[in-house]
>>> print(open('run.pdb').read())   # PDB, C-alpha atoms, pLDDT in the B column
ATOM      1  CA  MET Z 509     -42.465  27.850 -20.135  1.00 87.00           C
ATOM      2  CA  ASP Z 510     -39.476  27.166 -17.926  1.00 95.00           C
ATOM      3  CA  PHE Z 511     -37.080  29.827 -19.187  1.00 97.00           C
ATOM      4  CA  LYS Z 512     -34.279  28.734 -16.861  1.00 97.00           C
ATOM      5  CA  HIS Z 513     -34.418  25.310 -18.501  1.00 97.00           C
ATOM      6  CA  PHE Z 514     -34.508  26.977 -21.913  1.00 98.00           C
ATOM      7  CA  LEU Z 515     -31.346  28.912 -21.032  1.00 98.00           C
ATOM      8  CA  SER Z 516     -29.721  25.624 -20.038  1.00 98.00           C
ATOM      9  CA  LEU Z 517     -30.666  24.118 -23.395  1.00 98.00           C
ATOM     10  CA  LEU Z 518     -29.066  27.061 -25.207  1.00 98.00           C
ATOM     11  CA  TRP Z 519     -25.884  26.888 -23.121  1.00 98.00           C
ATOM     12  CA  ALA Z 520     -25.649  23.127 -23.723  1.00 98.00           C
ATOM     13  CA  LEU Z 521     -26.041  23.676 -27.447  1.00 98.00           C
ATOM     14  CA  LYS Z 522     -23.322  26.325 -27.415  1.00 97.00           C
ATOM     15  CA  PHE Z 523     -20.916  24.030 -25.545  1.00 96.00           C
ATOM     16  CA  SER Z 524     -21.761  21.065 -27.795  1.00 96.00           C
ATOM     17  CA  ILE Z 525     -21.041  23.092 -30.911  1.00 95.00           C
ATOM     18  CA  SER Z 526     -17.804  24.347 -29.351  1.00 93.00           C
ATOM     19  CA  ASP Z 527     -16.726  20.727 -28.894  1.00 89.00           C
ATOM     20  CA  LEU Z 528     -17.510  20.080 -32.556  1.00 89.00           C
ATOM     21  CA  HIS Z 529     -15.503  23.159 -33.509  1.00 86.00           C
ATOM     22  CA  TYR Z 530     -12.408  21.640 -31.874  1.00 82.00           C
ATOM     23  CA  LEU Z 531     -13.148  18.046 -32.935  1.00 84.00           C
ATOM     24  CA  SER Z 532     -12.982  18.954 -36.623  1.00 79.00           C
ATOM     25  CA  GLN Z 533     -10.162  17.189 -38.425  1.00 79.00           C
ATOM     26  CA  LYS Z 534      -8.709  15.746 -41.628  1.00 82.00           C
ATOM     27  CA  GLU Z 535     -10.092  16.587 -45.081  1.00 81.00           C
ATOM     28  CA  ASN Z 536     -13.151  18.450 -43.735  1.00 84.00           C
ATOM     29  CA  PHE Z 537     -11.269  20.269 -40.997  1.00 90.00           C
ATOM     30  CA  TYR Z 538     -11.533  23.811 -42.260  1.00 90.00           C
ATOM     31  CA  SER Z 539     -15.120  23.626 -43.522  1.00 90.00           C
ATOM     32  CA  ASP Z 540     -16.403  21.838 -40.386  1.00 89.00           C
ATOM     33  CA  HIS Z 541     -14.447  24.194 -38.133  1.00 90.00           C
ATOM     34  CA  LYS Z 542     -15.933  27.266 -39.847  1.00 92.00           C
ATOM     35  CA  PHE Z 543     -19.405  25.710 -40.066  1.00 94.00           C
ATOM     36  CA  ALA Z 544     -19.321  25.155 -36.301  1.00 92.00           C
ATOM     37  CA  ASP Z 545     -18.493  28.847 -35.893  1.00 94.00           C
ATOM     38  CA  GLU Z 546     -21.579  29.753 -37.928  1.00 95.00           C
ATOM     39  CA  LEU Z 547     -23.773  27.330 -35.978  1.00 96.00           C
ATOM     40  CA  ARG Z 548     -22.591  28.909 -32.721  1.00 95.00           C
ATOM     41  CA  ASP Z 549     -23.246  32.469 -33.936  1.00 93.00           C
ATOM     42  CA  ASP Z 550     -26.001  34.348 -32.125  1.00 96.00           C
ATOM     43  CA  ILE Z 551     -26.371  31.905 -29.212  1.00 98.00           C
ATOM     44  CA  ASP Z 552     -24.819  34.382 -26.764  1.00 97.00           C
ATOM     45  CA  GLU Z 553     -27.218  37.055 -28.041  1.00 98.00           C
ATOM     46  CA  TRP Z 554     -30.195  34.687 -27.613  1.00 98.00           C
ATOM     47  CA  ILE Z 555     -29.132  33.946 -24.036  1.00 98.00           C
ATOM     48  CA  ASP Z 556     -28.941  37.663 -23.310  1.00 98.00           C
ATOM     49  CA  GLU Z 557     -32.349  38.302 -24.892  1.00 98.00           C
ATOM     50  CA  VAL Z 558     -33.984  35.463 -22.935  1.00 98.00           C
ATOM     51  CA  ASN Z 559     -32.651  36.986 -19.720  1.00 98.00           C
ATOM     52  CA  GLU Z 560     -33.788  40.498 -20.656  1.00 98.00           C
ATOM     53  CA  VAL Z 561     -37.218  39.638 -22.123  1.00 98.00           C
ATOM     54  CA  CYS Z 562     -38.304  36.594 -20.142  1.00 97.00           C
ATOM     55  CA  PHE Z 563     -36.922  37.547 -16.738  1.00 97.00           C
ATOM     56  CA  LEU Z 564     -36.260  41.297 -16.531  1.00 97.00           C
ATOM     57  CA  GLY Z 565     -39.253  42.010 -18.773  1.00 96.00           C
ATOM     58  CA  GLU Z 566     -41.410  40.080 -16.289  1.00 95.00           C
ATOM     59  CA  GLU Z 567     -39.876  41.960 -13.336  1.00 97.00           C
ATOM     60  CA  LYS Z 568     -37.940  38.878 -12.225  1.00 97.00           C
ATOM     61  CA  ASN Z 569     -34.265  38.385 -11.580  1.00 97.00           C
ATOM     62  CA  ALA Z 570     -32.376  36.445 -14.213  1.00 97.00           C
ATOM     63  CA  PRO Z 571     -31.269  33.074 -12.872  1.00 98.00           C
ATOM     64  CA  TYR Z 572     -27.855  32.690 -11.299  1.00 97.00           C
ATOM     65  CA  SER Z 573     -25.428  31.670 -14.036  1.00 95.00           C
ATOM     66  CA  LYS Z 574     -23.925  28.846 -12.014  1.00 97.00           C
ATOM     67  CA  ASP Z 575     -27.358  27.222 -11.638  1.00 97.00           C
ATOM     68  CA  VAL Z 576     -27.988  27.443 -15.366  1.00 98.00           C
ATOM     69  CA  ILE Z 577     -24.547  26.099 -16.257  1.00 97.00           C
ATOM     70  CA  LEU Z 578     -24.857  23.197 -13.807  1.00 97.00           C
ATOM     71  CA  GLU Z 579     -28.140  22.171 -15.432  1.00 97.00           C
ATOM     72  CA  SER Z 580     -26.694  22.616 -18.914  1.00 97.00           C
ATOM     73  CA  SER Z 581     -23.751  20.348 -18.116  1.00 97.00           C
ATOM     74  CA  ASN Z 582     -26.168  17.399 -18.047  1.00 96.00           C
ATOM     75  CA  LEU Z 583     -27.534  18.376 -21.474  1.00 97.00           C
ATOM     76  CA  ILE Z 584     -24.272  18.730 -23.408  1.00 97.00           C
ATOM     77  CA  VAL Z 585     -24.000  16.298 -26.300  1.00 95.00           C
ATOM     78  CA  PRO Z 586     -21.575  13.484 -25.428  1.00 94.00           C
ATOM     79  CA  LEU Z 587     -18.358  13.770 -27.390  1.00 90.00           C
ATOM     80  CA  GLN Z 588     -18.452  11.503 -30.434  1.00 88.00           C
ATOM     81  CA  SER Z 589     -15.587   9.753 -32.203  1.00 86.00           C
ATOM     82  CA  ASN Z 590     -15.827  11.812 -35.391  1.00 87.00           C
ATOM     83  CA  PRO Z 591     -17.296  15.111 -36.564  1.00 89.00           C
ATOM     84  CA  THR Z 592     -20.148  13.559 -38.580  1.00 91.00           C
ATOM     85  CA  GLU Z 593     -21.420  11.714 -35.505  1.00 92.00           C
ATOM     86  CA  GLN Z 594     -21.076  14.927 -33.477  1.00 92.00           C
ATOM     87  CA  PHE Z 595     -23.097  16.793 -36.121  1.00 95.00           C
ATOM     88  CA  LYS Z 596     -25.800  14.103 -35.854  1.00 96.00           C
ATOM     89  CA  LYS Z 597     -25.990  14.459 -32.073  1.00 96.00           C
ATOM     90  CA  ILE Z 598     -26.104  18.259 -32.308  1.00 97.00           C
ATOM     91  CA  SER Z 599     -28.881  17.936 -34.881  1.00 97.00           C
ATOM     92  CA  GLU Z 600     -30.839  15.784 -32.411  1.00 97.00           C
ATOM     93  CA  SER Z 601     -30.238  18.374 -29.700  1.00 97.00           C
ATOM     94  CA  ILE Z 602     -31.527  21.172 -31.939  1.00 98.00           C
ATOM     95  CA  LYS Z 603     -34.610  19.089 -32.770  1.00 98.00           C
ATOM     96  CA  GLN Z 604     -35.315  18.649 -29.052  1.00 97.00           C
ATOM     97  CA  ILE Z 605     -35.036  22.409 -28.474  1.00 98.00           C
ATOM     98  CA  LEU Z 606     -37.449  23.030 -31.357  1.00 98.00           C
ATOM     99  CA  ILE Z 607     -39.909  20.546 -29.865  1.00 98.00           C
ATOM    100  CA  TYR Z 608     -39.554  22.208 -26.450  1.00 97.00           C
ATOM    101  CA  ILE Z 609     -40.313  25.630 -27.953  1.00 97.00           C
ATOM    102  CA  GLN Z 610     -43.292  24.244 -29.876  1.00 96.00           C
ATOM    103  CA  GLU Z 611     -44.759  22.490 -26.844  1.00 96.00           C
ATOM    104  CA  THR Z 612     -44.295  25.294 -24.334  1.00 95.00           C
ATOM    105  CA  SER Z 613     -44.560  28.615 -26.167  1.00 92.00           C
ATOM    106  CA  ALA Z 614     -48.336  28.857 -25.733  1.00 92.00           C
ATOM    107  CA  GLN Z 615     -47.674  29.570 -22.041  1.00 91.00           C
ATOM    108  CA  ALA Z 616     -45.521  32.605 -22.867  1.00 95.00           C
ATOM    109  CA  SER Z 617     -46.398  36.264 -23.356  1.00 95.00           C
ATOM    110  CA  VAL Z 618     -46.556  37.664 -26.884  1.00 96.00           C
ATOM    111  CA  GLY Z 619     -43.101  39.210 -26.522  1.00 96.00           C
ATOM    112  CA  GLU Z 620     -41.684  35.934 -25.259  1.00 97.00           C
ATOM    113  CA  GLN Z 621     -43.403  34.058 -28.094  1.00 97.00           C
ATOM    114  CA  ASN Z 622     -41.857  36.444 -30.631  1.00 97.00           C
ATOM    115  CA  LEU Z 623     -38.411  35.862 -29.166  1.00 98.00           C
ATOM    116  CA  MET Z 624     -38.909  32.085 -29.075  1.00 97.00           C
ATOM    117  CA  GLY Z 625     -40.239  32.122 -32.640  1.00 97.00           C
ATOM    118  CA  GLY Z 626     -37.177  33.966 -33.884  1.00 98.00           C
ATOM    119  CA  ILE Z 627     -34.851  31.565 -32.126  1.00 98.00           C
ATOM    120  CA  ALA Z 628     -36.847  28.606 -33.466  1.00 98.00           C
ATOM    121  CA  GLN Z 629     -36.600  29.968 -37.003  1.00 98.00           C
ATOM    122  CA  GLU Z 630     -32.822  30.261 -36.753  1.00 98.00           C
ATOM    123  CA  LEU Z 631     -32.497  26.814 -35.177  1.00 98.00           C
ATOM    124  CA  GLN Z 632     -34.687  25.210 -37.816  1.00 98.00           C
ATOM    125  CA  GLN Z 633     -32.516  26.700 -40.541  1.00 98.00           C
ATOM    126  CA  ARG Z 634     -29.375  25.380 -38.828  1.00 97.00           C
ATOM    127  CA  TYR Z 635     -31.063  22.000 -38.417  1.00 98.00           C
ATOM    128  CA  GLY Z 636     -31.576  21.879 -42.188  1.00 97.00           C
ATOM    129  CA  LEU Z 637     -28.000  22.925 -42.915  1.00 97.00           C
ATOM    130  CA  ILE Z 638     -26.667  20.214 -40.612  1.00 97.00           C
ATOM    131  CA  TRP Z 639     -28.955  17.706 -42.338  1.00 97.00           C
ATOM    132  CA  ARG Z 640     -27.254  18.560 -45.630  1.00 96.00           C
ATOM    133  CA  ARG Z 641     -23.846  18.030 -43.993  1.00 94.00           C
ATOM    134  CA  ILE Z 642     -24.655  14.563 -42.607  1.00 92.00           C
ATOM    135  CA  ILE Z 643     -26.649  12.961 -45.453  1.00 87.00           C
TER     136      ILE Z 643
END
>>> encode(input="run.pdb", output="structure tokens")
Amino acid sequence: MDFKHFLSLLWALKFSISDLHYLSQKENFYSDHKFADELRDDIDEWIDEVNEVCFLGEEKNAPYSKDVILESSNLIVPLQSNPTEQFKKISESIKQILIYIQETSAQASVGEQNLMGGIAQELQQRYGLIWRRII
């Protein structure tokens, strides 16, 4: 598993949700704004845990933040014209992260698999909550 790429996916998701947080408007402003806060919760902690478990725990240096952020900038969801469309794009981004975890976790250590599984569980729950918002 390419954990540097995984970090970039998480950073891109965090930035994409931040854009949604500030895009919220009109009758759904407050609920969408707060929902975006909840969707963004824990991502910083996941990033820290990936660095500590998947790099330091393997006796490797964590990647240079600038390199991760540069890669993530190409993965950020393009800004949409309204919050519902932004939710849809974020949902697609979460689905892609879940697929990436599913396809690559067999290459990881047990500790890394546990971490990835926990992140996947949280993302899948958020995916379902977003689905309820956009249907």
>>> residues_around(input="run.pdb", residues="segment 580-595 of chain Z", least_positions_apart="2", cutoff="7 Å", atoms="only C-alpha atoms", output="PyMOL selection string")
chain Z and resi 516-517+519-521+523-524+528+531-532+576-578+597-599+638+642
>>> closest_residue(input="run.pdb", among="Z:Val561, Z:Ile602, Z:Ala570, Z:Ala614", to="Arg548 of chain Z", atoms="only C-alpha atoms")
Z:Ile602
>>> resolve_selection(input="run.pdb", expression="the PyMOL selection byres ((chain Z and resi 625-627) around 9)", output="list in words")
Ile551, Trp554, Leu606, Ile609, Gln610, Ser613, Glu620, Gln621, Asn622, Leu623, Met624, Ala628, Gln629, Glu630, Leu631 and Gln632 of chain Z
>>> atom_distance(input="run.pdb", atom1="atom CA of Glu557 of chain Z", atom2="atom CA of Pro571 of chain Z")
13.2 Å
>>> closest_residue(input="run.pdb", among="Z:Asp549, Z:His541, Z:Lys574, Z:Glu567", to="Leu515 of chain Z", atoms="only C-alpha atoms")
Z:Lys574
>>> closest_residue(input="run.pdb", among="Z:Leu564, Z:Ser526, Z:Thr612, Z:Asp556", to="Lys542 of chain Z", atoms="only C-alpha atoms")
Z:Ser526
>>> atom_distance(input="run.pdb", atom1="atom CA of Gln615 of chain Z", atom2="atom CA of Leu518 of chain Z")
19.0 Å
>>> atom_distance(input="run.pdb", atom1="atom CA of Arg634 of chain Z", atom2="atom CA of Asp540 of chain Z")
13.5 Å
>>> closest_residue(input="run.pdb", among="Z:Glu579, Z:Asp527, Z:Glu600, Z:Glu560", to="Ala544 of chain Z", atoms="all atoms listed in the file")
Z:Asp527
